[in-house]
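Undergrad: start-v5.txt (compact mmCIF, C-alpha atoms) pasted underneath:
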```txt
# COMPACT_ATOMS: atom_id res chain seq x y z
CA MET A 19 21.32 -18.18 17.32
CA ILE A 20 18.05 -18.18 15.34
CA PRO A 21 19.75 -18.61 11.92
CA LEU A 22 21.82 -21.51 13.29
CA LEU A 23 18.74 -23.22 14.75
CA GLY A 24 16.91 -22.78 11.45
CA SER A 25 19.83 -24.28 9.55
CA LEU A 26 20.07 -27.25 11.94
CA ALA A 27 16.32 -27.81 11.62
CA VAL A 28 16.65 -28.07 7.83
CA LEU A 29 19.54 -30.52 8.22
CA ALA A 30 17.69 -32.65 10.76
CA ALA A 31 14.42 -32.87 8.81
CA PRO A 32 13.74 -35.92 6.63
CA THR A 33 14.93 -35.34 3.09
CA PRO A 34 11.87 -34.40 0.96
CA ALA A 35 11.00 -36.55 -2.03
CA GLY A 36 12.87 -35.44 -5.12
CA LEU A 37 15.51 -33.47 -3.21
CA SER A 38 19.03 -34.86 -2.93
CA VAL A 39 20.89 -34.96 0.37
CA ASP A 40 23.39 -32.46 -1.05
CA GLY A 41 20.51 -30.21 -2.02
CA GLN A 42 19.12 -30.34 1.51
CA ARG A 43 22.53 -29.41 2.90
CA VAL A 44 22.82 -26.47 0.51
CA LEU A 45 19.38 -25.23 1.57
CA ALA A 46 20.48 -25.47 5.21
CA VAL A 47 23.55 -23.33 4.48
CA ILE A 48 21.41 -20.79 2.61
CA VAL A 49 19.01 -20.54 5.55
CA LEU A 50 22.00 -19.85 7.79
CA ALA A 51 23.44 -17.22 5.42
CA ILE A 52 20.13 -15.43 4.85
CA GLY A 53 19.47 -15.33 8.58
CA LEU A 54 22.92 -13.92 9.38
CA TRP A 55 22.72 -11.35 6.60
CA GLY A 56 19.18 -10.32 7.47
CA LEU A 57 19.71 -10.01 11.22
CA GLU A 58 23.16 -8.41 10.83
CA THR A 59 24.51 -10.85 13.41
CA LEU A 60 27.96 -10.70 11.82
CA PRO A 61 29.59 -8.24 9.41
CA PRO A 62 28.30 -9.10 5.89
CA GLY A 63 31.71 -10.15 4.59
CA VAL A 64 32.23 -12.47 7.55
CA THR A 65 28.85 -14.06 6.91
CA GLY A 66 29.93 -14.70 3.32
CA VAL A 67 33.01 -16.57 4.51
CA VAL A 68 30.91 -18.46 7.09
CA ALA A 69 28.68 -19.64 4.22
CA ILE A 70 31.72 -20.89 2.29
CA VAL A 71 33.03 -22.80 5.31
CA ALA A 72 29.56 -24.21 6.01
CA LEU A 73 29.29 -25.54 2.45
CA VAL A 74 32.47 -27.55 3.07
CA PHE A 75 31.71 -28.65 6.65
CA THR A 76 28.22 -29.90 5.76
CA ARG A 77 29.64 -31.62 2.66
CA ALA A 78 27.11 -29.79 0.53
CA VAL A 79 29.86 -29.47 -2.08
CA PRO A 80 32.68 -31.94 -2.85
CA GLY A 81 35.47 -29.69 -1.55
CA ILE A 82 36.91 -26.24 -0.98
CA ARG A 83 37.45 -25.57 -4.69
CA GLU A 84 33.75 -25.98 -5.41
CA ALA A 85 32.87 -23.83 -2.39
CA LEU A 86 35.10 -21.01 -3.66
CA VAL A 87 33.81 -21.08 -7.24
CA GLY A 88 32.09 -17.71 -6.79
CA PHE A 89 35.46 -16.05 -6.21
CA ALA A 90 36.42 -16.97 -9.79
CA ASP A 91 33.23 -15.49 -11.24
CA PRO A 92 33.75 -12.33 -13.39
CA ILE A 93 30.87 -10.57 -11.62
CA ALA A 94 32.87 -10.33 -8.39
CA TYR A 95 35.66 -8.50 -10.24
CA PHE A 96 33.16 -6.35 -12.12
CA LEU A 97 32.02 -5.16 -8.70
CA ILE A 98 35.60 -4.29 -7.69
CA GLY A 99 35.97 -2.22 -10.87
CA VAL A 100 32.71 -0.39 -10.24
CA LEU A 101 33.55 0.29 -6.59
CA THR A 102 36.90 1.72 -7.68
CA MET A 103 35.03 3.92 -10.17
CA GLY A 104 32.97 5.38 -7.35
CA VAL A 105 36.03 6.02 -5.20
CA ALA A 106 37.81 7.69 -8.13
CA VAL A 107 34.86 9.99 -8.82
CA ALA A 108 34.79 10.97 -5.14
CA ARG A 109 38.57 11.36 -4.71
CA SER A 110 38.99 13.41 -7.88
CA GLY A 111 36.48 16.03 -6.74
CA LEU A 112 33.88 15.22 -9.42
CA ALA A 113 31.37 13.98 -6.85
CA GLU A 114 31.59 17.20 -4.83
CA ARG A 115 31.31 19.34 -7.96
CA VAL A 116 28.12 17.56 -9.06
CA ALA A 117 26.76 17.57 -5.50
CA ARG A 118 27.15 21.35 -5.28
CA VAL A 119 25.30 21.76 -8.57
CA LEU A 120 22.44 19.58 -7.31
CA LEU A 121 22.14 21.53 -4.08
CA ALA A 122 22.27 24.87 -5.87
CA ARG A 123 19.52 23.86 -8.27
CA GLY A 124 17.40 22.49 -5.43
CA ARG A 125 17.58 25.85 -3.60
CA GLY A 126 17.39 24.20 -0.21
CA ARG A 127 14.36 22.06 -0.95
CA ALA A 128 14.60 18.42 0.12
CA GLY A 129 11.96 17.37 -2.41
CA ALA A 130 14.00 18.85 -5.27
CA LEU A 131 17.04 16.77 -4.34
CA TYR A 132 14.84 13.66 -4.31
CA GLY A 133 13.10 14.61 -7.56
CA HIS A 134 16.34 15.29 -9.43
CA LEU A 135 17.54 11.78 -8.59
CA LEU A 136 14.35 10.18 -9.89
CA LEU A 137 14.37 12.21 -13.11
CA ALA A 138 18.00 11.29 -13.77
CA LEU A 139 17.55 7.51 -13.55
CA ILE A 140 16.27 6.77 -17.07
CA PRO A 141 18.73 9.09 -18.94
CA LEU A 142 21.61 7.71 -16.87
CA THR A 143 20.54 4.19 -17.77
CA LEU A 144 21.18 4.96 -21.44
CA ILE A 145 24.69 6.20 -20.59
CA LEU A 146 25.58 3.69 -17.87
CA PRO A 147 23.43 0.56 -18.40
CA SER A 148 24.62 -1.26 -15.27
CA ALA A 149 22.67 -0.38 -12.11
CA THR A 150 25.73 -1.27 -10.04
CA THR A 151 27.85 1.21 -12.00
CA ARG A 152 25.30 3.99 -11.64
CA THR A 153 24.93 3.32 -7.94
CA GLY A 154 28.69 3.16 -7.45
CA ILE A 155 28.96 6.71 -8.78
CA LEU A 156 25.69 8.23 -7.54
CA VAL A 157 26.10 6.99 -3.98
CA HIS A 158 29.23 9.12 -3.65
CA VAL A 159 27.57 12.12 -5.30
CA TYR A 160 24.51 12.03 -3.04
CA ASP A 161 26.50 11.13 0.05
CA GLN A 162 28.53 14.28 -0.63
CA ALA A 163 25.36 16.31 -1.30
CA LEU A 164 23.80 15.18 1.98
CA GLU A 165 26.97 16.05 3.86
CA LEU A 166 27.26 19.48 2.23
CA GLY A 167 23.55 20.04 2.85
CA ARG A 168 24.03 19.18 6.55
CA VAL A 169 21.55 16.33 6.44
CA PRO A 170 22.44 13.92 9.27
CA ARG A 171 23.32 10.33 8.44
CA GLY A 172 20.23 8.21 9.00
CA ALA A 173 17.84 11.18 8.67
CA PRO A 174 14.60 10.46 6.76
CA LEU A 175 15.79 12.31 3.64
CA SER A 176 19.10 10.41 3.65
CA ARG A 177 17.31 7.10 3.95
CA ALA A 178 14.82 7.98 1.22
CA ILE A 179 17.55 8.87 -1.26
CA MET A 180 19.62 5.81 -0.41
CA LEU A 181 16.58 3.55 -0.70
CA VAL A 182 16.00 4.89 -4.22
CA LEU A 183 19.61 4.06 -5.08
CA ASN A 184 19.27 0.68 -3.39
CA SER A 185 16.01 -0.57 -4.89
CA VAL A 186 14.46 1.80 -7.44
CA ASN A 187 17.59 2.54 -9.46
CA ARG A 188 17.83 -1.12 -10.48
CA LEU A 189 14.35 -1.05 -12.01
CA SER A 190 15.25 1.58 -14.60
CA SER A 191 17.87 -0.78 -16.07
CA THR A 192 15.38 -3.51 -16.91
CA VAL A 193 13.27 -1.20 -19.07
CA PHE A 194 15.93 -1.59 -21.78
CA LEU A 195 17.20 -4.90 -23.14
CA THR A 196 20.74 -3.52 -22.95
CA GLY A 197 20.18 -2.26 -19.41
CA GLY A 198 22.16 -4.91 -17.57
CA ILE A 199 22.40 -8.57 -16.73
CA THR A 200 18.73 -9.05 -15.75
CA PRO A 201 17.09 -8.16 -19.10
CA ILE A 202 19.85 -9.85 -21.10
CA VAL A 203 19.57 -13.14 -19.20
CA ALA A 204 15.77 -13.02 -19.11
CA ALA A 205 15.45 -12.32 -22.85
CA GLY A 206 17.95 -15.07 -23.63
CA LEU A 207 15.99 -17.60 -21.58
CA ILE A 208 12.62 -16.54 -23.01
CA GLY A 209 13.95 -16.31 -26.57
CA ALA A 210 13.07 -14.33 -29.70
CA ILE A 211 12.65 -10.91 -28.08
CA SER A 212 14.16 -7.94 -29.92
CA TRP A 213 15.33 -4.70 -28.26
CA SER A 214 12.24 -2.82 -29.41
CA HIS A 215 9.83 -5.63 -28.50
CA TRP A 216 11.32 -5.84 -25.02
CA LEU A 217 10.92 -2.06 -24.59
CA VAL A 218 7.27 -2.21 -25.69
CA LEU A 219 6.50 -5.11 -23.36
CA MET A 220 8.27 -3.75 -20.28
CA CYS A 221 8.09 0.05 -20.44
CA VAL A 222 4.57 0.38 -18.99
CA PRO A 223 4.88 -2.23 -16.18
CA TYR A 224 8.25 -0.85 -15.12
CA ALA A 225 7.06 2.76 -15.32
CA ALA A 226 4.27 1.77 -12.93
CA LEU A 227 6.74 0.01 -10.64
CA LEU A 228 9.09 2.99 -10.63
CA ALA A 229 6.24 5.38 -9.86
CA LEU A 230 4.73 3.26 -7.08
CA ALA A 231 8.10 2.56 -5.46
CA SER A 232 9.05 6.26 -5.55
CA ILE A 233 5.71 7.29 -4.05
CA ALA A 234 5.98 4.60 -1.36
CA ILE A 235 9.44 5.85 -0.35
CA TYR A 236 8.21 9.45 -0.30
CA LEU A 237 5.27 8.56 1.92
CA ARG A 238 7.42 6.46 4.24
CA TYR A 239 9.94 9.28 4.82
CA ARG A 240 7.71 12.29 4.12
CA HIS A 241 8.69 14.04 7.36
CA GLY A 242 12.21 14.44 6.01
CA PHE A 243 10.96 16.34 2.96
CA ARG A 244 9.77 19.21 5.15
CA ASP A 245 13.29 20.01 6.31
CA GLU A 246 15.48 22.63 4.69
CA VAL A 247 18.73 21.52 3.09
CA ALA A 248 21.72 23.81 3.51
CA VAL A 249 22.96 25.32 0.25
CA PRO A 250 26.77 25.62 0.17
CA PRO A 251 28.57 28.34 -1.80
CA ALA A 252 27.78 28.36 -5.51
CA ALA A 253 29.14 25.51 -7.56
CA ASP A 254 32.65 26.02 -8.81
CA ARG A 255 32.39 27.24 -12.42
CA ARG A 256 36.07 26.86 -13.18
CA PRO A 257 37.12 24.26 -15.77
CA LEU A 258 37.67 20.72 -14.60
CA THR A 259 40.97 20.15 -12.88
CA ALA A 260 43.45 17.73 -14.45
CA VAL A 261 42.51 15.04 -11.93
CA GLU A 262 38.77 15.55 -12.51
CA LEU A 263 39.29 15.45 -16.26
CA ARG A 264 41.23 12.18 -16.09
CA ALA A 265 38.58 10.61 -13.86
CA ALA A 266 35.82 11.77 -16.21
CA LEU A 267 37.62 10.46 -19.31
CA ILE A 268 38.32 7.03 -17.81
CA THR A 269 34.73 6.73 -16.57
CA ALA A 270 33.34 7.84 -19.93
CA GLY A 271 35.62 5.38 -21.72
CA ALA A 272 34.26 2.50 -19.65
CA GLY A 273 30.71 3.68 -20.31
CA LEU A 274 31.35 3.82 -24.04
CA LEU A 275 32.68 0.25 -24.01
CA TRP A 276 29.60 -0.93 -22.14
CA LEU A 277 27.32 0.85 -24.63
CA THR A 278 29.08 -0.74 -27.63
CA ASP A 279 29.20 -4.30 -26.32
CA SER A 280 27.16 -5.44 -29.33
CA LEU A 281 30.18 -4.57 -31.49
CA HIS A 282 33.08 -5.99 -29.49
CA HIS A 283 31.17 -8.62 -27.43
CA TRP A 284 33.33 -8.07 -24.36
CA HIS A 285 32.07 -9.25 -20.99
CA PRO A 286 31.08 -6.19 -18.87
CA THR A 287 33.85 -7.07 -16.42
CA LEU A 288 36.56 -6.28 -18.97
CA PRO A 289 35.75 -2.54 -19.36
CA ALA A 290 35.44 -2.34 -15.57
CA LEU A 291 38.91 -3.83 -15.13
CA LEU A 292 40.36 -1.57 -17.84
CA ALA A 293 38.94 1.43 -15.98
CA TRP A 294 40.38 0.03 -12.75
CA ILE A 295 43.82 -0.11 -14.36
CA GLY A 296 43.40 3.44 -15.65
CA TYR A 297 42.46 4.84 -12.24
CA LEU A 298 45.52 3.24 -10.63
CA MET A 299 48.11 3.97 -13.32
CA PRO A 300 51.05 6.01 -12.00
CA ARG A 301 51.22 9.68 -13.03
CA TRP A 302 48.02 9.84 -15.10
CA GLY A 303 45.72 7.81 -12.86
CA VAL A 304 43.64 9.36 -10.06
CA LEU A 305 44.13 6.92 -7.17
CA THR A 306 47.10 5.50 -5.30
CA TRP A 307 47.17 1.84 -4.38
CA ARG A 308 46.86 2.75 -0.71
CA GLU A 309 43.69 4.77 -1.39
CA PHE A 310 42.29 1.82 -3.33
CA GLU A 311 43.06 -0.59 -0.48
CA GLN A 312 41.56 1.65 2.18
CA GLU A 313 38.43 2.97 0.48
CA VAL A 314 37.07 0.14 -1.67
CA GLY A 315 34.50 -1.84 0.31
CA TRP A 316 36.11 -5.26 0.37
CA SER A 317 33.21 -6.79 2.28
CA ASN A 318 31.16 -6.34 -0.91
CA PHE A 319 33.58 -8.58 -2.79
CA PHE A 320 33.30 -11.36 -0.21
CA VAL A 321 29.50 -11.10 -0.03
CA ILE A 322 28.88 -11.17 -3.80
CA ALA A 323 31.42 -13.98 -4.36
CA ALA A 324 29.88 -16.05 -1.55
CA SER A 325 26.37 -15.51 -2.93
CA LEU A 326 27.57 -16.68 -6.36
CA SER A 327 29.04 -19.79 -4.73
CA LEU A 328 25.70 -20.47 -3.04
CA ALA A 329 23.86 -20.06 -6.34
CA GLN A 330 26.26 -22.51 -8.03
CA ALA A 331 25.81 -25.01 -5.19
CA LEU A 332 22.03 -24.75 -5.50
CA SER A 333 22.22 -25.53 -9.19
CA ARG A 334 24.81 -28.31 -8.91
CA SER A 335 22.97 -30.10 -6.11
CA GLY A 336 19.63 -30.01 -7.90
CA ALA A 337 18.00 -27.95 -5.14
CA SER A 338 17.04 -25.20 -7.60
CA ASP A 339 15.36 -27.77 -9.86
CA TRP A 340 13.53 -29.20 -6.85
CA LEU A 341 12.24 -25.74 -5.93
CA ALA A 342 11.19 -25.22 -9.54
CA ALA A 343 9.38 -28.56 -9.65
CA GLY A 344 7.32 -27.41 -6.70
CA VAL A 345 6.24 -24.37 -8.71
CA VAL A 346 5.16 -26.55 -11.64
CA GLY A 347 3.20 -28.86 -9.36
CA ALA A 348 1.40 -25.98 -7.69
CA ALA A 349 0.61 -24.38 -11.05
CA HIS A 350 -0.83 -27.63 -12.40
CA GLY A 351 -3.12 -27.81 -9.37
CA VAL A 352 -4.85 -24.57 -10.38
CA ALA A 353 -4.39 -24.85 -14.13
CA GLN A 354 -8.08 -24.27 -14.82
CA THR A 355 -7.89 -20.70 -13.53
CA PRO A 356 -5.37 -18.50 -15.39
CA LEU A 357 -5.17 -15.83 -12.69
CA MET A 358 -4.56 -18.50 -10.07
CA VAL A 359 -1.62 -19.79 -12.13
CA VAL A 360 -0.26 -16.24 -12.22
CA GLY A 361 -0.75 -16.02 -8.45
CA VAL A 362 1.23 -19.23 -7.94
CA LEU A 363 4.04 -17.92 -10.15
CA LEU A 364 4.17 -14.68 -8.18
CA ALA A 365 4.15 -16.40 -4.79
CA ALA A 366 6.73 -18.97 -5.85
CA SER A 367 8.96 -16.24 -7.27
CA ALA A 368 9.04 -14.51 -3.88
CA VAL A 369 10.09 -17.74 -2.13
CA VAL A 370 12.72 -18.65 -4.71
CA ARG A 371 14.09 -15.08 -4.78
CA LEU A 372 14.51 -15.21 -1.02
CA MET A 373 16.43 -18.48 -1.29
CA ILE A 374 18.62 -17.62 -4.29
CA PRO A 375 20.78 -14.53 -3.68
CA ASN A 376 21.92 -14.13 -7.28
CA ILE A 377 19.43 -12.72 -9.85
CA THR A 378 20.96 -14.76 -12.67
CA GLY A 379 20.45 -17.95 -10.67
CA PHE A 380 16.88 -16.91 -9.93
CA LEU A 381 16.08 -16.24 -13.58
CA ALA A 382 17.75 -19.44 -14.78
CA THR A 383 15.66 -21.41 -12.28
CA THR A 384 12.26 -19.78 -12.61
CA ILE A 385 11.87 -18.68 -16.25
CA PRO A 386 12.04 -22.16 -17.86
CA VAL A 387 9.71 -23.52 -15.18
CA ALA A 388 7.25 -20.63 -15.54
CA MET A 389 7.17 -21.05 -19.32
CA SER A 390 6.59 -24.81 -19.00
CA ALA A 391 3.80 -24.19 -16.51
CA GLY A 392 2.30 -21.67 -18.91
CA VAL A 393 2.29 -24.08 -21.84
CA ALA A 394 0.73 -26.81 -19.69
CA SER A 395 -1.97 -24.41 -18.50
CA GLY A 396 -2.76 -22.93 -21.91
CA LEU A 397 -1.12 -19.58 -21.09
CA ASN A 398 1.26 -17.45 -23.11
CA PRO A 399 4.71 -18.80 -22.13
CA VAL A 400 6.47 -15.52 -22.97
CA LEU A 401 4.25 -13.62 -20.55
CA CYS A 402 4.79 -16.26 -17.87
CA GLY A 403 8.54 -15.72 -18.24
CA LEU A 404 8.10 -11.95 -18.03
CA ILE A 405 5.89 -12.27 -14.94
CA VAL A 406 8.54 -14.07 -12.90
CA THR A 407 11.18 -11.66 -14.23
CA ILE A 408 9.21 -8.70 -12.88
CA ALA A 409 8.47 -10.47 -9.60
CA GLY A 410 12.11 -11.36 -8.99
CA ASP A 411 13.70 -8.17 -10.31
CA ALA A 412 11.45 -5.85 -8.30
CA VAL A 413 12.55 -7.10 -4.89
CA LEU A 414 15.64 -7.17 -2.71
CA TYR A 415 15.28 -8.87 0.64
CA TYR A 416 18.88 -8.42 1.81
CA PRO A 417 21.94 -6.56 0.47
CA ALA A 418 23.77 -9.69 -0.68
CA GLN A 419 21.21 -10.09 -3.47
CA SER A 420 22.63 -7.20 -5.49
CA GLY A 421 25.97 -5.51 -6.03
CA SER A 422 24.25 -2.12 -6.14
CA SER A 423 22.53 -2.81 -2.82
CA LEU A 424 25.85 -3.74 -1.23
CA VAL A 425 27.34 -0.44 -2.40
CA VAL A 426 24.52 1.51 -0.73
CA TYR A 427 24.37 -0.62 2.40
CA GLU A 428 28.07 -0.04 3.05
CA ARG A 429 27.47 3.73 3.41
CA GLY A 430 25.56 3.10 6.66
CA HIS A 431 22.35 5.01 5.89
CA LEU A 432 20.11 1.91 5.71
CA THR A 433 19.78 -1.14 7.93
CA ALA A 434 19.22 -4.68 6.69
CA GLY A 435 15.79 -4.55 8.35
CA GLU A 436 14.76 -1.50 6.32
CA ILE A 437 15.88 -3.19 3.10
CA PHE A 438 13.95 -6.36 4.00
CA ARG A 439 10.75 -4.47 4.88
CA PHE A 440 10.89 -2.51 1.64
CA GLY A 441 11.48 -5.80 -0.19
CA LEU A 442 8.23 -7.14 1.28
CA LEU A 443 6.40 -4.00 0.15
CA MET A 444 7.87 -4.33 -3.34
CA THR A 445 6.69 -7.96 -3.44
CA VAL A 446 3.14 -6.71 -3.00
CA LEU A 447 3.59 -3.82 -5.44
CA ALA A 448 5.07 -6.10 -8.09
CA ALA A 449 2.10 -8.45 -7.80
CA LEU A 450 -0.32 -5.53 -8.11
CA VAL A 451 1.51 -4.19 -11.16
CA VAL A 452 1.46 -7.60 -12.87
CA LEU A 453 -2.25 -8.14 -12.20
CA ALA A 454 -3.58 -4.59 -12.61
CA VAL A 455 -1.19 -3.06 -15.14
CA ALA A 456 0.92 -5.58 -17.04
CA LEU A 457 -1.72 -8.17 -17.95
CA PRO A 458 -4.30 -5.61 -19.23
CA TYR A 459 -1.57 -3.68 -21.06
CA TRP A 460 -0.14 -6.80 -22.72
CA LYS A 461 -3.63 -7.80 -23.87
CA LEU A 462 -4.12 -4.32 -25.30
CA ILE A 463 -0.95 -4.58 -27.43
CA GLY A 464 -1.82 -8.05 -28.74
CA GLU A 465 -0.16 -10.30 -26.13
CA PRO A 466 -3.06 -11.94 -24.25
CA LEU A 467 -2.37 -14.20 -21.27
CA VAL A 468 -4.65 -17.04 -22.40
CA THR A 469 -3.70 -18.70 -25.67
CA ARG A 470 -6.46 -21.28 -25.92
```
Mind turning the file's structure into structure tokens?
TA:
Amino acid sequence: MIPLLGSLAVLAAPTPAGLSVDGQRVLAVIVLAIGLWGLETLPPGVTGVVAIVALVFTRAVPGIREALVGFADPIAYFLIGVLTMGVAVARSGLAERVARVLLARGRGRAGALYGHLLLALIPLTLILPSATTRTGILVHVYDQALELGRVPRGAPLSRAIMLVLNSVNRLSSTVFLTGGITPIVAAGLIGAISWSHWLVLMCVPYAALLALASIAIYLRYRHGFRDEVAVPPAADRRPLTAVELRAALITAGAGLLWLTDSLHHWHPTLPALLAWIGYLMPRWGVLTWREFEQEVGWSNFFVIAASLSLAQALSRSGASDWLAAGVVGAAHGVAQTPLMVVGVLLAASAVVRLMIPNITGFLATTIPVAMSAGVASGLNPVLCGLIVTIAGDAVLYYPAQSGSSLVVYERGHLTAGEIFRFGLLMTVLAALVVLAVALPYWKLIGEPLVTR
């Protein structure tokens, strides 16, 4: 009821200056969708379809084709490929094999299981750049490990591990320019940033974010780290079975194609779909069509496609530009104080990130505006672009904002409320990292905030 009332209130309010009627209608639909997703009033996939229908009924978009544009976006099919990858790794027995190794090495210590996951994030990023891909595989591995270790679903340790996969895992991707869609889009919008320059600029701020987020999760669920984790019989040392080997080869092939995208320039969705075909091929695949139908989380597809449709509607209606103009106006009001401009950019990023489910839409909206505000205020425009990138990338307020979050949320360990509360904490931590770590560090390496 509350999301519906909020949506109706936005529709009934006078249209603000500079915002089109269509833009106001899109914002009303987004308020409805965010409320339904956040409060878990309906299943997430149903909320996605409700948002599509609402776009048409409110006439926020010209027709049903425009409302369904997200379902034609390659990212939605990339997610299907990645979800199938996770199911294949689990069905083949690879997930259980790795889970047994993790438990054996941890020797029954909950902290060791948590620590191994954190230590693996950066190396895995070099092998599997996409956070969604890593999560799609790791969520099955750690779900299996928790089950073998007799850790109840929803126990503090389970929630801590899943929150790392949900929110912290994504951060390791952005350290590298080739680490996924966020750094690629951000660097493209900012311009003239090489792979090595990006690494130098972002390694320290993101290392701080990773450390603070990991510590925050540990402190929040510290009671779970005192419990013993059951250690099953020793990991099977026999060679990989034929099914495991095929699953490993197909997964490795997709990873190799993602790593070499600078050579073939394929969209990341294409290797994911090739792997999908490989997993489902008769005789030498690892999944039957029935297993694919039953075990792939289809609600994820509807949620991510609907969020892409909402992002497109925001852009088409001019609502994203209107939100951005508000950022510029606020920044101009405090232009005499550089840190106040940074504060406005951070605060505005939180609001815009809440309203725009898709990270690409967020970056496309905020980075040009932040750089313009920086130029007008005498600040380094590159740093202004990086500031809003960090602020937006560090947070997830609801699962629909990320494919990797949807993969974790579907397992049932975390609630939408937990994800939202951790998103609020990460908003604060991201601001602290920008102000206390990033800005001093950038000045130290010759990238000062003030240019005049």
Undergrad: Point out the residue among A:Thr33, A:Thr59, A:Ser390, A:Thr384 with the least atom-to-atom distance to Ile405 (chain A), counting all atoms listed in the file.
TA: A:Thr384
Undergrad: So which one's closest to Ser232 (chain A), A:Leu166, A:Ala290, A:Leu136, A:Leu442? Using all atoms listed in the file, please.
TA: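 Closest residue, counting all atoms listed in the file: A:Leu136.
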Undergrad: I'd like the neighbourhood of Phe75 (chain A) as a list of chain:residue names, where a residue qualifies if any of its atoms comes within 12 Å (using all atoms listed in the file), though same-chain residues fewer than 6 positions away should be ignored.
TA: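 Residues meeting the cut-off are A:Asp40, A:Arg43, A:Val44, A:Ala46, A:Val47, A:Val68, A:Ala69, A:Gly81, A:Ile82, A:Ala85.
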Undergrad: Do you know which residues are at most 9 Å from Asp411 (chain A) counting all atoms listed in the file, after dropping those on the same chain fewer than 5 positions away, and could you put them as a CSV table (one decimal) with C-alpha atoms, in the coordinates of the input?
TA:
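This is the output file selection_7.csv:
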```csv
chain,number,residue,atom,x,y,z
A,188,ARG,CA,17.8,-1.1,-10.5
A,189,LEU,CA,14.4,-1.0,-12.0
A,192,THR,CA,15.4,-3.5,-16.9
A,200,THR,CA,18.7,-9.0,-15.8
A,371,ARG,CA,14.1,-15.1,-4.8
A,377,ILE,CA,19.4,-12.7,-9.8
A,406,VAL,CA,8.5,-14.1,-12.9
```
Undergrad: Using only C-alpha atoms, which residues sit within 12 Å of Ala272 (chain A) once same-chain residues fewer than 6 positions away are excluded, as a PyMOL selection string?
TA: chain A and resi 96+99-100+103+145-148+151+265-266+278-279+284+286-297
Undergrad: How far is it from CA of Ala163 (chain A) to CA of Arg127 (chain A), in Å with one decimal?
TA: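 We find that CA of Ala163 (chain A) and CA of Arg127 (chain A) lie 12.4 Å from each other.
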Undergrad: I want to know what sits within 10 Å of region 239-245 of chain A, based on all atoms listed in the file, with residues of the same chain fewer than 2 positions away left out; could you give that as a list in words?
TA: Gly126, Arg127, Ala128, Gly129, Ala130, Leu131, Tyr132, Val169, Ala173, Pro174, Leu175, Ser176, Arg177, Ala178, Ile179, Ile233, Ala234, Ile235, Tyr236, Leu237, Val247 and Ala248 of chain A
Undergrad: Using all atoms listed in the file, which of A:Pro92, A:Gly410, A:Gly66, A:Pro80 sits nearest Ile374 (chain A)?
TA: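 Nearest to Ile374 (chain A): A:Gly410.
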Undergrad: One decimal, Å: what's the distance from CA of Ala31 (chain A) over to CA of Thr76 (chain A), could you say?
TA: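 Separation between CA of Ala31 (chain A) and CA of Thr76 (chain A): 14.4 Å.
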Undergrad: Name the residues in contact with Asn318 (chain A) at a cut-off of 8 Å, using only C-alpha atoms, excluding same-chain residues fewer than 3 positions from it; report them as JSON, numbers by chain.
TA: {"A": [62, 63, 97, 315, 321, 322, 421, 424, 425]}
Undergrad: Using all atoms listed in the file, which residue out of A:Ala323, A:Ala27, A:Val393, A:Leu183 lies closest to Tyr427 (chain A)?
TA: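 For Tyr427 (chain A), the nearest of the given residues is A:Leu183.
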Undergrad: Between CA of Ser190 (chain A) and CA of Val116 (chain A), measure the distance and give it in Å to one decimal.
TA: 21.3 Å
Undergrad: Please work out which residues fall within 10 Å of (13.5, -14.2, -14.9), coordinates as given in the file, with only C-alpha atoms counting, and return them as number ranges by chain.
TA: A: 200-208, 367, 377-386, 388, 402-411
Undergrad: Could you check which residues have any atom within 9 Å of (9.6, -22.1, -6.1), counting all atoms listed in the file with coordinates taken straight from the file, and then list them as a PDB file with C-alpha atoms, in the frame of the given file?
TA:
```
ATOM      1  CA  SER A 338      17.040 -25.200  -7.600  1.00  0.00           C
ATOM      2  CA  ASP A 339      15.360 -27.770  -9.860  1.00  0.00           C
ATOM      3  CA  TRP A 340      13.530 -29.200  -6.850  1.00  0.00           C
ATOM      4  CA  LEU A 341      12.240 -25.740  -5.930  1.00  0.00           C
ATOM      5  CA  ALA A 342      11.190 -25.220  -9.540  1.00  0.00           C
ATOM      6  CA  ALA A 343       9.380 -28.560  -9.650  1.00  0.00           C
ATOM      7  CA  GLY A 344       7.320 -27.410  -6.700  1.00  0.00           C
ATOM      8  CA  VAL A 345       6.240 -24.370  -8.710  1.00  0.00           C
ATOM      9  CA  VAL A 346       5.160 -26.550 -11.640  1.00  0.00           C
ATOM     10  CA  LEU A 363       4.040 -17.920 -10.150  1.00  0.00           C
ATOM     11  CA  ALA A 365       4.150 -16.400  -4.790  1.00  0.00           C
ATOM     12  CA  ALA A 366       6.730 -18.970  -5.850  1.00  0.00           C
ATOM     13  CA  SER A 367       8.960 -16.240  -7.270  1.00  0.00           C
ATOM     14  CA  ALA A 368       9.040 -14.510  -3.880  1.00  0.00           C
ATOM     15  CA  VAL A 369      10.090 -17.740  -2.130  1.00  0.00           C
ATOM     16  CA  VAL A 370      12.720 -18.650  -4.710  1.00  0.00           C
ATOM     17  CA  ARG A 371      14.090 -15.080  -4.780  1.00  0.00           C
ATOM     18  CA  THR A 383      15.660 -21.410 -12.280  1.00  0.00           C
ATOM     19  CA  THR A 384      12.260 -19.780 -12.610  1.00  0.00           C
TER      20      THR A 384
END
```
Undergrad: Closest to Ser317 (chain A) among A:Pro34, A:Leu73, A:Pro417, A:Met180, using all atoms listed in the file?
TA: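 Among the listed residues, A:Pro417 lies closest to Ser317 (chain A).
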Undergrad: Which of these, A:Arg77, A:Arg109, A:Arg83, A:Arg123, has the shortest distance to Glu309 (chain A) once you count all atoms listed in the file?
TA: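 Residue with the minimum atom-to-atom distance to Glu309 (chain A): A:Arg109.
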